[in-house]
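Q: Before we start, here is the structure in question, set down as structure tokens.
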Amino acid sequence: MKKSNLGSRIKIARSSLGITSENLAEACNISNTYMRKIESGSQIPSVAVFITICNELKVSADYLLQDFLDCNELDDLPELKELWKKASPKQSGMAISMIKEAMKHTNTK
């Protein structure tokens, strides 16, 4: 597992929300040093900390772990999967909102 990819995704998600690593560490009830190690890839968070990070960043575990998973929710949609990999959490949220809105206005029966 490339720990640095996980840390990079956490850092991207955090930055897109405009919060500092210190703020995220405090919200997750961990030390600033531990958070910096997670973001740098030198440390993998515990499951409990990982879940808290997901919740605080308002991102799915799938988003943070997509570089490590052999399969995920987007496997049947390769073009969308490639776009999703490149998207920031803000862009992902916008895409989800757009899809939800489009689904409201189409007949899916």
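In the structure tokens, each chain is lettered A, B, ... as it comes, each chain's residues begin at 1, and ligands are numbered from 1 in order of appearance.
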Based on DSSP run over this structure's backbone, return all residues of chain A in helix (DSSP H, G or I), as an MDAnalysis selection string.
A: chainID A and resid 3:16 21:27 32:40 47:57 61:65 78:86 89:104
Q: Residues of the last selection are to be written out with C-alpha atoms, as a PDB file, in the first residue's frame.
A:
```pdb
ATOM      1  CA  LYS A   3       0.742   5.300   2.263  1.00  0.00           C
ATOM      2  CA  SER A   4       1.660   8.585   0.600  1.00  0.00           C
ATOM      3  CA  ASN A   5      -1.355   8.332  -1.756  1.00  0.00           C
ATOM      4  CA  LEU A   6      -3.716   8.079   1.201  1.00  0.00           C
ATOM      5  CA  GLY A   7      -2.028  11.022   2.878  1.00  0.00           C
ATOM      6  CA  SER A   8      -2.139  13.036  -0.329  1.00  0.00           C
ATOM      7  CA  ARG A   9      -5.870  12.426  -0.742  1.00  0.00           C
ATOM      8  CA  ILE A  10      -6.474  13.459   2.873  1.00  0.00           C
ATOM      9  CA  LYS A  11      -4.438  16.623   2.331  1.00  0.00           C
ATOM     10  CA  ILE A  12      -6.307  17.460  -0.908  1.00  0.00           C
ATOM     11  CA  ALA A  13      -9.682  16.949   0.793  1.00  0.00           C
ATOM     12  CA  ARG A  14      -8.618  19.025   3.791  1.00  0.00           C
ATOM     13  CA  SER A  15      -7.240  21.834   1.640  1.00  0.00           C
ATOM     14  CA  SER A  16     -10.387  21.943  -0.472  1.00  0.00           C
ATOM     15  CA  SER A  21      -3.880  20.154   9.363  1.00  0.00           C
ATOM     16  CA  GLU A  22      -3.895  21.461  12.930  1.00  0.00           C
ATOM     17  CA  ASN A  23      -7.667  22.057  12.748  1.00  0.00           C
ATOM     18  CA  LEU A  24      -8.230  18.578  11.336  1.00  0.00           C
ATOM     19  CA  ALA A  25      -5.984  17.011  13.970  1.00  0.00           C
ATOM     20  CA  GLU A  26      -7.930  18.776  16.711  1.00  0.00           C
ATOM     21  CA  ALA A  27     -11.274  17.701  15.226  1.00  0.00           C
ATOM     22  CA  ASN A  32      -0.620  17.650  15.000  1.00  0.00           C
ATOM     23  CA  THR A  33       2.477  15.474  14.616  1.00  0.00           C
ATOM     24  CA  TYR A  34       0.399  12.353  13.995  1.00  0.00           C
ATOM     25  CA  MET A  35      -1.733  14.189  11.422  1.00  0.00           C
ATOM     26  CA  ARG A  36       1.383  15.444   9.603  1.00  0.00           C
ATOM     27  CA  LYS A  37       2.729  11.877   9.545  1.00  0.00           C
ATOM     28  CA  ILE A  38      -0.550  10.617   8.081  1.00  0.00           C
ATOM     29  CA  GLU A  39      -0.558  13.303   5.396  1.00  0.00           C
ATOM     30  CA  SER A  40       3.094  12.707   4.539  1.00  0.00           C
ATOM     31  CA  VAL A  47      -9.453   2.511  11.610  1.00  0.00           C
ATOM     32  CA  ALA A  48     -11.086   4.729  14.251  1.00  0.00           C
ATOM     33  CA  VAL A  49      -9.000   7.743  13.217  1.00  0.00           C
ATOM     34  CA  PHE A  50      -9.580   6.988   9.532  1.00  0.00           C
ATOM     35  CA  ILE A  51     -13.355   6.983  10.052  1.00  0.00           C
ATOM     36  CA  THR A  52     -13.147  10.250  11.966  1.00  0.00           C
ATOM     37  CA  ILE A  53     -11.058  11.796   9.170  1.00  0.00           C
ATOM     38  CA  CYS A  54     -13.662  10.700   6.595  1.00  0.00           C
ATOM     39  CA  ASN A  55     -16.455  12.194   8.677  1.00  0.00           C
ATOM     40  CA  GLU A  56     -14.620  15.450   9.360  1.00  0.00           C
ATOM     41  CA  LEU A  57     -13.671  15.868   5.694  1.00  0.00           C
ATOM     42  CA  ALA A  61     -13.658   5.976   2.569  1.00  0.00           C
ATOM     43  CA  ASP A  62     -13.879   4.932  -1.092  1.00  0.00           C
ATOM     44  CA  TYR A  63     -12.637   8.380  -2.138  1.00  0.00           C
ATOM     45  CA  LEU A  64      -9.611   8.235   0.165  1.00  0.00           C
ATOM     46  CA  LEU A  65      -8.800   4.595  -0.605  1.00  0.00           C
ATOM     47  CA  PRO A  78     -14.592   3.376 -16.671  1.00  0.00           C
ATOM     48  CA  GLU A  79     -14.841   6.895 -18.110  1.00  0.00           C
ATOM     49  CA  LEU A  80     -16.556   8.204 -14.997  1.00  0.00           C
ATOM     50  CA  LYS A  81     -14.066   6.321 -12.842  1.00  0.00           C
ATOM     51  CA  GLU A  82     -11.120   8.126 -14.469  1.00  0.00           C
ATOM     52  CA  LEU A  83     -12.795  11.505 -14.026  1.00  0.00           C
ATOM     53  CA  TRP A  84     -13.655  10.674 -10.416  1.00  0.00           C
ATOM     54  CA  LYS A  85     -10.021   9.799  -9.625  1.00  0.00           C
ATOM     55  CA  LYS A  86      -8.929  13.263 -10.713  1.00  0.00           C
ATOM     56  CA  PRO A  89     -13.890  16.468  -2.982  1.00  0.00           C
ATOM     57  CA  LYS A  90     -15.488  19.780  -3.982  1.00  0.00           C
ATOM     58  CA  GLN A  91     -15.695  18.673  -7.613  1.00  0.00           C
ATOM     59  CA  SER A  92     -17.021  15.258  -6.553  1.00  0.00           C
ATOM     60  CA  GLY A  93     -19.725  16.924  -4.487  1.00  0.00           C
ATOM     61  CA  MET A  94     -20.699  19.133  -7.394  1.00  0.00           C
ATOM     62  CA  ALA A  95     -20.868  16.123  -9.717  1.00  0.00           C
ATOM     63  CA  ILE A  96     -23.072  14.248  -7.254  1.00  0.00           C
ATOM     64  CA  SER A  97     -25.392  17.246  -6.959  1.00  0.00           C
ATOM     65  CA  MET A  98     -25.626  17.515 -10.726  1.00  0.00           C
ATOM     66  CA  ILE A  99     -26.424  13.799 -11.103  1.00  0.00           C
ATOM     67  CA  LYS A 100     -29.070  13.975  -8.379  1.00  0.00           C
ATOM     68  CA  GLU A 101     -30.672  16.992 -10.033  1.00  0.00           C
ATOM     69  CA  ALA A 102     -30.621  15.305 -13.448  1.00  0.00           C
ATOM     70  CA  MET A 103     -32.234  12.201 -11.947  1.00  0.00           C
ATOM     71  CA  LYS A 104     -35.078  14.316 -10.525  1.00  0.00           C
TER      72      LYS A 104
END
```
Q: How many Å separate atom CA of A:Gln66 from atom CA of A:Asn29?
A: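 Computing it gives 25.0 Å between the two atoms.
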Q: Can you work out the spacing between atom CA of A:His105 and atom CA of A:Ser60 in Å, to one decimal?
A: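 One can read the atom CA of A:His105 to atom CA of A:Ser60 distance as 26.1 Å.
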Q: Considering only C-alpha atoms, can you say which of A:Cys28, A:Ile19, A:Ser88, A:Phe68 comes closest to A:Ser46?
A: A:Cys28
